[in-house]
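Novice: My structure is stored as input28.cif, with mmCIF, C-alpha atoms.
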data_final
#
loop_
_atom_site.label_atom_id
_atom_site.label_comp_id
_atom_site.auth_asym_id
_atom_site.auth_seq_id
_atom_site.Cartn_x
_atom_site.Cartn_y
_atom_site.Cartn_z
CA MET A 1 0.00 0.00 0.00
CA THR A 2 2.90 2.32 0.78
CA ALA A 3 4.38 1.47 -2.60
CA LEU A 4 1.09 2.36 -4.26
CA LEU A 5 0.91 5.64 -2.36
CA LEU A 6 4.47 6.57 -3.31
CA ARG A 7 3.83 5.61 -6.93
CA ASP A 8 0.71 7.80 -7.08
CA LEU A 9 2.51 10.72 -5.45
CA ARG A 10 5.42 10.40 -7.87
CA LEU A 11 3.09 10.25 -10.88
CA ALA A 12 1.20 13.31 -9.68
CA THR A 13 4.22 15.48 -8.93
CA ARG A 14 6.26 14.74 -12.07
CA ALA A 15 5.71 16.31 -15.45
CA GLY A 16 2.16 16.12 -16.82
CA GLY A 17 0.67 15.21 -13.47
CA GLY A 18 -1.13 18.51 -13.10
CA PHE A 19 0.14 18.97 -9.56
CA GLY A 20 0.27 22.77 -9.58
CA LEU A 21 -2.89 23.16 -11.62
CA GLY A 22 -5.31 23.02 -8.70
CA LEU A 23 -3.22 25.44 -6.67
CA ALA A 24 -3.01 27.90 -9.57
CA PHE A 25 -6.76 27.66 -10.00
CA PHE A 26 -7.30 28.31 -6.28
CA LEU A 27 -5.04 31.39 -6.53
CA LEU A 28 -6.91 32.62 -9.60
CA VAL A 29 -10.30 32.34 -7.88
CA ALA A 30 -8.99 34.34 -4.93
CA VAL A 31 -7.65 37.01 -7.29
CA LEU A 32 -10.71 37.18 -9.55
CA VAL A 33 -13.31 37.61 -6.82
CA PRO A 34 -11.99 40.95 -5.45
CA LEU A 35 -11.73 42.20 -9.04
CA GLY A 36 -15.32 41.11 -9.66
CA VAL A 37 -17.08 42.40 -6.55
CA GLY A 38 -14.90 45.47 -6.00
CA PRO A 39 -12.04 45.88 -3.52
CA GLU A 40 -13.98 47.08 -0.44
CA PRO A 41 -12.20 45.63 2.62
CA ALA A 42 -15.34 45.22 4.73
CA LEU A 43 -17.24 43.35 2.02
CA LEU A 44 -14.27 41.13 1.21
CA ALA A 45 -13.73 40.29 4.87
CA ARG A 46 -17.34 39.16 5.12
CA ILE A 47 -17.33 36.90 2.06
CA ALA A 48 -13.73 35.66 2.39
CA PRO A 49 -14.52 32.37 4.23
CA GLY A 50 -17.12 31.37 1.66
CA ILE A 51 -14.96 32.34 -1.33
CA LEU A 52 -11.95 30.43 0.01
CA TRP A 53 -14.03 27.32 0.65
CA VAL A 54 -15.75 27.45 -2.75
CA GLY A 55 -12.35 27.99 -4.38
CA ALA A 56 -10.83 25.02 -2.58
CA LEU A 57 -13.80 22.87 -3.55
CA LEU A 58 -13.59 23.78 -7.24
CA ALA A 59 -9.81 23.33 -7.28
CA CYS A 60 -10.34 19.86 -5.82
CA LEU A 61 -13.01 19.07 -8.42
CA LEU A 62 -10.61 20.02 -11.22
CA SER A 63 -8.27 17.09 -10.65
CA LEU A 64 -10.80 14.43 -9.64
CA ASP A 65 -11.03 12.55 -12.93
CA ARG A 66 -7.28 11.92 -12.73
CA ILE A 67 -7.66 9.69 -9.67
CA PHE A 68 -8.59 6.59 -11.65
CA ALA A 69 -8.77 7.60 -15.34
CA LEU A 70 -5.09 7.09 -16.29
CA ASP A 71 -4.79 3.77 -14.46
CA PHE A 72 -8.05 2.63 -15.99
CA GLU A 73 -6.88 3.45 -19.52
CA ASP A 74 -3.50 1.74 -19.40
CA GLY A 75 -4.77 -1.34 -17.60
CA SER A 76 -3.06 -0.79 -14.24
CA MET A 77 -6.50 -0.85 -12.64
CA ASP A 78 -7.02 -4.48 -13.71
CA LEU A 79 -3.74 -5.39 -12.05
CA LEU A 80 -4.67 -3.50 -8.90
CA ALA A 81 -8.05 -5.27 -8.83
CA ILE A 82 -6.40 -8.71 -8.71
CA ALA A 83 -3.59 -7.54 -6.40
CA PRO A 84 -3.43 -9.02 -2.88
CA ILE A 85 -4.63 -5.76 -1.25
CA PRO A 86 -8.42 -5.27 -1.41
CA LEU A 87 -9.78 -2.82 -3.94
CA GLU A 88 -11.31 -0.82 -1.08
CA GLY A 89 -7.79 -0.25 0.22
CA VAL A 90 -6.63 0.82 -3.25
CA VAL A 91 -9.43 3.38 -3.40
CA ALA A 92 -8.57 4.70 0.07
CA VAL A 93 -4.88 5.00 -0.80
CA LYS A 94 -5.64 6.75 -4.06
CA ALA A 95 -7.95 9.18 -2.28
CA LEU A 96 -5.20 9.81 0.27
CA ALA A 97 -2.70 10.47 -2.52
CA HIS A 98 -5.16 12.86 -4.14
CA TRP A 99 -5.55 14.68 -0.84
CA LEU A 100 -1.78 14.92 -0.34
CA VAL A 101 -1.31 16.61 -3.73
CA THR A 102 -4.42 18.85 -3.71
CA GLY A 103 -6.08 19.18 -0.30
CA LEU A 104 -2.93 19.56 1.78
CA PRO A 105 -1.23 22.21 -0.44
CA LEU A 106 -4.55 24.08 -0.62
CA THR A 107 -4.74 24.08 3.16
CA LEU A 108 -1.18 25.33 3.53
CA LEU A 109 -1.63 28.01 0.86
CA SER A 110 -4.99 29.25 2.17
CA PRO A 111 -3.63 31.77 4.78
CA VAL A 112 -1.80 33.61 1.99
CA LEU A 113 -5.01 33.88 0.01
CA GLY A 114 -6.78 34.91 3.22
CA VAL A 115 -4.50 37.98 3.22
CA LEU A 116 -5.48 38.72 -0.37
CA LEU A 117 -9.15 38.55 0.60
CA ASN A 118 -8.66 40.58 3.79
CA LEU A 119 -9.77 37.77 6.12
CA PRO A 120 -10.00 39.11 9.71
CA GLY A 121 -7.26 38.06 12.17
CA PRO A 122 -9.02 35.36 14.26
CA GLY A 123 -10.19 33.58 11.12
CA TYR A 124 -6.84 32.17 9.99
CA VAL A 125 -6.56 29.40 12.55
CA TRP A 126 -10.11 28.25 11.83
CA LEU A 127 -9.59 28.50 8.07
CA VAL A 128 -6.56 26.19 8.17
CA LEU A 129 -8.21 23.86 10.68
CA SER A 130 -11.47 23.59 8.77
CA LEU A 131 -9.70 22.99 5.45
CA ALA A 132 -7.43 20.38 7.04
CA LEU A 133 -10.48 18.57 8.43
CA GLY A 134 -12.76 19.05 5.43
CA THR A 135 -10.61 18.52 2.33
CA PRO A 136 -10.06 14.77 3.01
CA ALA A 137 -13.84 14.38 2.69
CA LEU A 138 -13.69 16.22 -0.66
CA SER A 139 -11.05 13.77 -1.93
CA LEU A 140 -12.99 10.73 -0.70
CA ILE A 141 -16.32 11.85 -2.15
CA GLY A 142 -14.50 12.77 -5.35
CA ALA A 143 -12.96 9.31 -5.53
CA PHE A 144 -16.46 7.84 -5.37
CA GLY A 145 -17.67 10.11 -8.20
CA ALA A 146 -14.57 9.35 -10.25
CA ALA A 147 -15.12 5.61 -9.75
CA LEU A 148 -18.70 5.93 -11.03
CA THR A 149 -17.71 7.80 -14.19
CA VAL A 150 -14.35 6.18 -14.94
CA GLY A 151 -15.70 4.02 -17.76
CA LEU A 152 -17.28 6.90 -19.65
CA LYS A 153 -15.68 8.66 -22.60
CA ARG A 154 -16.46 12.20 -21.48
CA GLY A 155 -17.35 11.79 -17.84
CA GLY A 156 -16.01 15.14 -16.63
CA LEU A 157 -19.26 17.10 -16.74
CA LEU A 158 -21.28 14.21 -15.32
CA LEU A 159 -18.67 13.83 -12.60
CA SER A 160 -19.21 17.39 -11.41
CA LEU A 161 -23.00 16.96 -11.53
CA LEU A 162 -22.73 13.85 -9.36
CA VAL A 163 -20.12 15.13 -6.95
CA LEU A 164 -21.13 18.75 -6.28
CA PRO A 165 -24.41 17.91 -4.47
CA LEU A 166 -22.41 15.56 -2.24
CA TYR A 167 -19.97 18.40 -1.50
CA VAL A 168 -22.67 20.71 -0.18
CA PRO A 169 -22.64 19.64 3.52
CA THR A 170 -18.84 19.87 3.66
CA LEU A 171 -18.97 23.33 2.14
CA ILE A 172 -21.71 24.50 4.51
CA TYR A 173 -19.96 23.38 7.69
CA GLY A 174 -16.48 24.37 6.49
CA ALA A 175 -17.45 27.94 5.65
CA GLU A 176 -19.64 28.10 8.77
CA ALA A 177 -16.70 27.12 10.99
CA VAL A 178 -14.53 29.93 9.59
CA ARG A 179 -17.37 32.46 9.78
CA ARG A 180 -18.04 31.57 13.42
CA GLY A 181 -14.32 31.71 14.15
CA VAL A 182 -14.19 35.24 12.74
CA ASP A 183 -17.20 36.31 14.84
CA GLY A 184 -15.76 34.65 17.93
CA GLN A 185 -18.70 32.25 18.35
CA GLY A 186 -18.46 28.53 18.93
CA ALA A 187 -16.59 27.31 15.86
CA PRO A 188 -15.82 23.85 17.35
CA THR A 189 -19.41 22.66 16.79
CA ALA A 190 -19.12 23.13 13.03
CA LEU A 191 -15.60 21.68 13.08
CA LEU A 192 -16.85 18.57 14.86
CA LEU A 193 -19.59 18.08 12.26
CA LEU A 194 -17.00 18.57 9.53
CA ALA A 195 -14.74 15.95 11.11
CA GLY A 196 -17.80 13.69 11.37
CA ILE A 197 -18.48 14.03 7.64
CA THR A 198 -14.85 13.20 6.86
CA ALA A 199 -14.83 10.20 9.19
CA GLY A 200 -18.13 8.90 7.79
CA ALA A 201 -16.94 9.37 4.20
CA ALA A 202 -13.66 7.58 4.98
CA ALA A 203 -15.53 4.69 6.55
CA LEU A 204 -18.23 4.13 3.92
CA LEU A 205 -17.32 5.60 0.54
CA PRO A 206 -14.28 3.38 -0.28
CA PHE A 207 -16.70 0.43 -0.33
CA ALA A 208 -19.12 2.19 -2.68
CA ALA A 209 -16.26 3.37 -4.89
CA ALA A 210 -14.68 -0.10 -5.04
CA ALA A 211 -18.06 -1.60 -5.99
CA ALA A 212 -18.38 0.96 -8.80
CA ILE A 213 -14.86 0.21 -10.07
CA ARG A 214 -15.57 -3.54 -10.09
CA VAL A 215 -18.64 -2.88 -12.22
CA ASN A 216 -16.66 -0.70 -14.58
CA LEU A 217 -13.89 -3.29 -14.95
CA ARG A 218 -16.33 -6.08 -15.82
CA MET B 1 -46.81 -7.72 -17.43
CA GLN B 2 -50.24 -9.38 -17.32
CA THR B 3 -50.92 -8.35 -13.75
CA SER B 4 -49.81 -4.80 -14.39
CA ALA B 5 -51.89 -4.66 -17.58
CA ARG B 6 -54.97 -5.64 -15.62
CA LEU B 7 -54.18 -3.26 -12.76
CA LEU B 8 -53.21 -0.20 -14.77
CA PRO B 9 -56.63 1.10 -15.88
CA TRP B 10 -57.96 0.72 -12.33
CA LEU B 11 -54.99 2.52 -10.82
CA ALA B 12 -55.16 5.27 -13.41
CA GLY B 13 -58.89 5.67 -12.88
CA LEU B 14 -58.55 5.74 -9.10
CA SER B 15 -55.73 8.28 -9.17
CA VAL B 16 -57.70 10.56 -11.49
CA LEU B 17 -60.72 10.18 -9.22
CA CYS B 18 -58.74 10.92 -6.05
CA LEU B 19 -56.92 13.84 -7.59
CA THR B 20 -60.02 15.51 -9.00
CA ALA B 21 -62.07 14.83 -5.86
CA GLY B 22 -59.28 15.99 -3.54
CA GLY B 23 -58.45 18.95 -5.76
CA ILE B 24 -62.02 20.18 -6.08
CA TRP B 25 -62.73 19.53 -2.41
CA GLY B 26 -59.53 21.25 -1.39
CA PHE B 27 -59.67 24.20 -3.75
CA PHE B 28 -63.37 25.07 -3.66
CA PHE B 29 -65.00 23.58 -0.58
CA THR B 30 -62.59 24.41 2.22
CA PRO B 31 -62.66 27.72 4.09
CA ASP B 32 -59.77 30.17 3.78
CA ASP B 33 -57.33 30.06 6.64
CA PHE B 34 -57.79 32.99 9.01
CA ARG B 35 -54.14 34.03 8.74
CA GLN B 36 -52.99 32.64 5.42
CA GLY B 37 -56.08 33.40 3.33
CA SER B 38 -56.60 31.33 0.22
CA THR B 39 -52.87 30.64 -0.27
CA VAL B 40 -53.22 27.79 2.22
CA LYS B 41 -54.74 25.74 -0.60
CA ILE B 42 -51.31 25.25 -2.20
CA ILE B 43 -50.89 22.62 0.51
CA TYR B 44 -52.95 20.19 -1.59
CA LEU B 45 -50.24 20.10 -4.26
CA HIS B 46 -47.13 20.95 -2.25
CA VAL B 47 -47.29 18.39 0.54
CA PRO B 48 -48.23 15.30 -1.53
CA ALA B 49 -45.66 16.14 -4.22
CA ALA B 50 -42.90 16.60 -1.64
CA MET B 51 -43.86 13.36 0.09
CA MET B 52 -43.79 11.42 -3.17
CA ALA B 53 -40.46 12.97 -4.16
CA ILE B 54 -38.83 11.53 -1.04
CA ASN B 55 -40.79 8.26 -1.06
CA GLY B 56 -39.92 7.88 -4.75
CA TRP B 57 -36.24 7.90 -3.89
CA ILE B 58 -36.85 5.35 -1.13
CA MET B 59 -38.68 3.16 -3.66
CA MET B 60 -35.69 3.49 -6.02
CA LEU B 61 -33.41 2.53 -3.13
CA VAL B 62 -35.42 -0.64 -2.49
CA THR B 63 -35.54 -1.65 -6.17
CA SER B 64 -31.82 -0.86 -6.52
CA LEU B 65 -31.04 -3.13 -3.58
CA ILE B 66 -33.19 -5.89 -5.10
CA TRP B 67 -31.25 -5.49 -8.35
CA LEU B 68 -27.87 -5.60 -6.63
CA ILE B 69 -28.74 -8.62 -4.50
CA ARG B 70 -31.08 -10.73 -6.63
CA ARG B 71 -30.19 -9.42 -10.15
CA HIS B 72 -33.86 -9.07 -11.04
CA HIS B 73 -33.94 -7.06 -14.26
CA VAL B 74 -37.44 -5.65 -13.88
CA SER B 75 -36.38 -4.18 -10.56
CA ALA B 76 -33.57 -2.15 -12.16
CA LEU B 77 -35.96 -1.01 -14.90
CA ALA B 78 -38.51 0.08 -12.29
CA ALA B 79 -35.84 2.20 -10.60
CA LYS B 80 -34.94 3.72 -13.96
CA ALA B 81 -38.61 4.42 -14.67
CA ALA B 82 -39.14 6.09 -11.30
CA GLY B 83 -36.28 8.59 -11.76
CA PRO B 84 -37.99 11.15 -14.05
CA VAL B 85 -41.29 10.80 -12.16
CA GLY B 86 -39.52 11.61 -8.90
CA LEU B 87 -37.73 14.53 -10.51
CA THR B 88 -41.09 15.92 -11.67
CA MET B 89 -42.40 15.59 -8.10
CA THR B 90 -39.43 17.50 -6.65
CA VAL B 91 -39.88 20.25 -9.23
CA ILE B 92 -43.63 20.49 -8.45
CA ALA B 93 -42.83 20.69 -4.73
CA LEU B 94 -40.15 23.34 -5.24
CA VAL B 95 -42.26 25.51 -7.56
CA THR B 96 -45.42 25.35 -5.45
CA GLY B 97 -43.26 25.96 -2.39
CA ALA B 98 -41.81 29.09 -3.98
CA LEU B 99 -45.30 30.29 -4.94
CA TRP B 100 -46.45 29.68 -1.38
CA GLY B 101 -43.37 31.18 0.22
CA GLN B 102 -43.63 34.45 -1.64
CA PRO B 103 -46.82 35.72 0.09
CA MET B 104 -46.23 33.85 3.38
CA TRP B 105 -42.55 34.22 4.19
CA GLY B 106 -42.05 37.24 1.92
CA THR B 107 -39.51 35.46 -0.23
CA TRP B 108 -39.44 33.02 -3.15
CA TRP B 109 -36.48 31.16 -1.79
CA ALA B 110 -34.69 30.95 1.55
CA TRP B 111 -31.67 28.86 2.48
CA ASP B 112 -33.54 26.97 5.13
CA PRO B 113 -32.34 23.40 5.87
CA ARG B 114 -35.31 21.64 4.33
CA LEU B 115 -35.25 23.74 1.17
CA THR B 116 -31.52 23.23 0.78
CA SER B 117 -31.65 19.48 1.31
CA PHE B 118 -34.60 19.26 -1.05
CA LEU B 119 -32.69 21.15 -3.74
CA ILE B 120 -29.82 18.69 -3.30
CA LEU B 121 -32.32 15.85 -3.72
CA THR B 122 -33.42 17.43 -7.03
CA LEU B 123 -29.80 17.57 -8.17
CA PHE B 124 -29.43 13.92 -7.19
CA TYR B 125 -32.40 12.96 -9.34
CA LEU B 126 -30.78 14.87 -12.22
CA GLY B 127 -27.43 13.14 -11.69
CA TYR B 128 -29.16 9.76 -11.44
CA ILE B 129 -31.02 10.23 -14.73
CA ALA B 130 -27.87 11.60 -16.39
CA LEU B 131 -25.84 8.58 -15.25
CA TRP B 132 -28.48 6.20 -16.63
CA SER B 133 -28.35 7.87 -20.02
CA ALA B 134 -24.55 8.20 -20.07
CA VAL B 135 -23.62 4.53 -19.61
CA GLU B 136 -24.22 2.42 -22.70
CA ASP B 137 -24.25 -1.12 -21.35
CA PRO B 138 -27.63 -1.54 -19.56
CA ASP B 139 -26.34 -3.88 -16.82
CA THR B 140 -23.37 -1.64 -16.01
CA ALA B 141 -25.69 1.36 -15.95
CA ALA B 142 -28.05 -0.44 -13.58
CA ASP B 143 -25.19 -1.34 -11.23
CA LEU B 144 -23.65 2.14 -11.19
CA THR B 145 -26.95 3.95 -10.71
CA SER B 146 -27.85 1.54 -7.90
CA VAL B 147 -24.65 2.44 -6.03
CA LEU B 148 -25.36 6.13 -6.63
CA CYS B 149 -28.92 5.66 -5.37
CA ILE B 150 -27.71 4.06 -2.14
CA VAL B 151 -25.27 6.89 -1.47
CA GLY B 152 -27.86 9.50 -2.40
CA SER B 153 -30.49 8.07 -0.07
CA VAL B 154 -28.57 9.75 2.76
CA PHE B 155 -29.93 13.01 1.38
CA ALA B 156 -33.44 11.68 0.87
CA VAL B 157 -33.56 10.76 4.56
CA LEU B 158 -31.88 14.04 5.46
CA SER B 159 -34.48 16.12 3.65
CA ARG B 160 -37.27 14.04 5.23
CA TYR B 161 -36.05 14.76 8.75
CA ALA B 162 -34.35 18.14 8.17
CA VAL B 163 -37.02 19.87 10.25
CA ASN B 164 -36.30 17.63 13.23
CA PHE B 165 -32.51 18.00 12.93
CA TRP B 166 -32.33 21.79 12.71
CA ASN B 167 -34.74 23.83 14.75
CA GLN B 168 -34.26 27.18 13.10
CA GLY B 169 -35.95 26.27 9.80
CA LEU B 170 -38.97 27.94 8.27
CA HIS B 171 -40.99 24.74 7.98
CA GLN B 172 -42.96 23.61 10.98
CA GLY B 173 -42.58 20.20 12.59
CA ALA B 174 -44.80 17.22 11.89
CA SER B 175 -48.42 18.33 11.68
CA LEU B 176 -50.03 15.39 9.91
CA SER B 177 -49.11 12.55 12.27
CA LEU B 178 -51.82 10.25 13.52
CA ASP B 179 -50.79 10.30 17.17
CA LYS B 180 -50.22 14.02 17.84
CA GLU B 181 -52.43 16.49 19.65
CA GLU B 182 -51.50 19.42 17.47
CA ASN B 183 -52.38 18.78 13.84
CA VAL B 184 -53.79 20.53 10.83
CA ALA B 185 -57.52 21.11 11.40
CA ASP B 186 -59.84 18.38 10.10
CA VAL B 187 -61.38 20.70 7.48
CA PHE B 188 -58.01 20.82 5.70
CA TYR B 189 -56.82 17.39 6.81
CA LEU B 190 -59.41 15.19 5.09
CA PRO B 191 -59.12 16.60 1.55
CA LEU B 192 -55.35 16.57 2.01
CA LEU B 193 -55.47 12.83 2.74
CA VAL B 194 -57.45 12.30 -0.47
CA CYS B 195 -54.87 14.32 -2.38
CA ILE B 196 -52.00 12.34 -0.89
CA ALA B 197 -53.73 9.09 -1.86
CA GLY B 198 -54.18 10.53 -5.35
CA PHE B 199 -50.49 11.37 -5.65
CA VAL B 200 -49.44 7.92 -4.42
CA LEU B 201 -51.73 6.28 -6.97
CA LEU B 202 -50.50 8.63 -9.68
CA PHE B 203 -46.89 7.77 -8.86
CA VAL B 204 -47.58 4.02 -8.93
CA THR B 205 -49.50 4.36 -12.20
CA LEU B 206 -46.76 6.35 -13.91
CA VAL B 207 -43.98 4.09 -12.67
CA LEU B 208 -45.85 0.96 -13.80
CA LEU B 209 -46.54 2.53 -17.18
CA ARG B 210 -42.93 3.59 -17.64
CA THR B 211 -41.59 0.23 -16.45
CA ARG B 212 -43.78 -1.51 -19.04
CA THR B 213 -42.34 0.77 -21.69
CA GLU B 214 -38.82 -0.05 -20.52
CA ILE B 215 -39.53 -3.78 -20.58
CA ARG B 216 -40.92 -3.52 -24.10
CA ALA B 217 -37.88 -1.47 -25.18
CA ARG B 218 -35.58 -4.12 -23.71
CA ARG B 219 -37.49 -6.90 -25.55
CA LEU B 220 -37.31 -4.94 -28.79
CA GLN B 221 -33.57 -4.54 -28.40
CA SER B 222 -32.98 -8.25 -27.83
CA LEU B 223 -35.20 -9.09 -30.81
CA LEU B 224 -33.21 -6.73 -33.01
CA ALA B 225 -29.96 -8.17 -31.69
CA ARG B 226 -31.17 -11.70 -32.44
CA GLU B 227 -32.18 -10.66 -35.95
CA ARG B 228 -28.74 -9.20 -36.55
CA MET B 229 -27.10 -12.41 -35.37
CA ALA B 230 -29.23 -14.61 -37.63
#
When written as structure tokens, how does the structure in this file appear?

Specialist:
Amino acid sequence: MTALLLRDLRLATRAGGGFGLGLAFFLLVAVLVPLGVGPEPALLARIAPGILWVGALLACLLSLDRIFALDFEDGSMDLLAIAPIPLEGVVAVKALAHWLVTGLPLTLLSPVLGVLLNLPGPGYVWLVLSLALGTPALSLIGAFGAALTVGLKRGGLLLSLLVLPLYVPTLIYGAEAVRRGVDGQGAPTALLLLAGITAGAAALLPFAAAAAIRVNLR
Amino acid sequence: MQTSARLLPWLAGLSVLCLTAGGIWGFFFTPDDFRQGSTVKIIYLHVPAAMMAINGWIMMLVTSLIWLIRRHHVSALAAKAAGPVGLTMTVIALVTGALWGQPMWGTWWAWDPRLTSFLILTLFYLGYIALWSAVEDPDTAADLTSVLCIVGSVFAVLSRYAVNFWNQGLHQGASLSLDKEENVADVFYLPLLVCIAGFVLLFVTLVLLRTRTEIRARRLQSLLARERMA
């Protein structure tokens, strides 16, 4: 499993892996919004948590179809399916690799973009915490969507239609945690719910995703 | 097929009867509410449609499970047939809800938990139908949509109980239960029951009709395939 994780990480970070793409997209969203709504500090400070979360979500969505598509095309997926580790484990490892190359960098980069969007001082801790807790769920849910659409020729649009409704709770609680953190209310409640979503997704979705991959490999 | 052929006209007739009776009773022979005026009558479309939207997904969940476990083809086709019907129900519920919300809450749309979860349910119906039409092989499509349906049923249940989970919503709690003191007054309750029965019958009728169409389409395909082979 470690070998598989390292292999996925290496594939993603080397040329053509699209490693920086999500980050660049995240940066662009954070730059475009102030240009679009006007650079008033008070307004930006109010919408910053939501914008940062929506940006992270879309950046994550951008690289989802890469989780399984390349392996599916060149036949590696067939080998992984008959490998000694269960397919559920493969899915979990691949989701983890996806998180390490998209979710984690997004989380680390987010304070910088918070400055661009004039996020108020107390919000930074909660922003990083909520993204660190919430983005694994985005990768896991995305892996499920990618597994459903991996056999399709042009599954990208369908993938976003299937995955975005599933992202809604994560988005709601993630942005709510930051907003409450900024206002100095009880952010931990929203953070706990967010962690609950991630834990539930990690426990259940690998099974659903593995079932979908088995169907697609048939 | 034979049983459904014999049942269909009766079901269709009964649903038309219930819907017209409930509709006319509800729209013309109930008093206006003392606070809501005549807008209260939207309840006769809104509540049954919303109920059937959620129950429709539950029905799809059951048929999907039957398909995954027993590989019964008609079951998968019934789930496929129910998708667009359920989508129509969610749209009816959302539109009538917006029409009702405008005079009552002063807004067409509010981000209240039940509305939000219901909108997500609508998107799920859309994704479900899109996935059915995107996958070419019928058995693969049935499998994939079944898995999607199981995952999506989290939201069907969520939108059913959203009012109980979050207290700050705009919808009230249960007001149609059989064992509660505080319910909708009988004058509104009885025609509403007739309307709900009408919607259930309508749903069953449409799903049966569409499933028959799907079965016939499947037969036609295999006939054509056999002809090509010969």

Novice: For chain B, work out the contacting residues on chain A at 9 Å, counting all atoms listed in the file, and write them as a list of chain:residue names.

Specialist: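 The answer, sorted by residue number, is A:Gly145, A:Leu148, A:Thr149, A:Gly151, A:Leu152, A:Gly155, A:Leu158, A:Leu159, A:Leu161, A:Leu162, A:Val163, A:Leu164, A:Pro165, A:Leu166, A:Val168, A:Leu205, A:Ala208, A:Ala209, A:Ala211, A:Ala212, A:Val215, A:Asn216, A:Arg218.
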
Novice: What do you get, as a count of residues only, if you spell out every residue that the PyMOL selection byres ((chain B and resi 193) around 12) selects here?

Specialist: 31

Novice: I'd like the interatomic distance between CA of Asn118 (chain A) and CA of Leu44 (chain A), to a tenth of an Å.

Specialist: 6.2 Å

Novice: Evaluate the PyMOL selection byres ((chain B and resi 76) around 12) against this structure - the residues, as a PyMOL selection string, please.

Specialist: chain B and resi 59-75+77-83+132+138-147+149+211+214-215+218

Novice: Every residue with an atom at most 8 Å from (-15.1, 20.1, 9.8) (file coordinates; all atoms listed in the file) is what I'm after, so could you write them as a PyMOL selection string?

Specialist: chain A and resi 129-131+133-134+170+173-174+177+190-198

Novice: With only C-alpha atoms as the atoms that count, which of B:Phe28, B:Tyr161, B:Phe118, B:Trp10 lies nearest to Met89 (chain B)?

Specialist: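 For Met89 (chain B), the nearest of the candidates is B:Phe118.
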
Novice: What's around Gly142 (chain A) at 12 Å? Count all atoms listed in the file, leave out sequence neighbours fewer than 6 positions away in its own chain, and write the answer as a PyMOL selection string.

Specialist: chain A and resi 57-68+91-92+94-96+98-99+102-103+135-136+148-150+156+159-167+201-202+205-206+208-209

Novice: Enter the distance from CA of Ala30 (chain A) to CA of Pro105 (chain A), in Å, rounded to one decimal.

Specialist: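 About the pair CA of Ala30 (chain A) and CA of Pro105 (chain A): they are 15.1 Å apart.
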
Novice: Evaluating the PyMOL selection byres ((chain A and resi 116) around 12) on the displayed file yields which residues, as a PyMOL selection string?

Specialist: chain A and resi 27-35+39-41+44-45+48-49+51-52+109-115+117-120
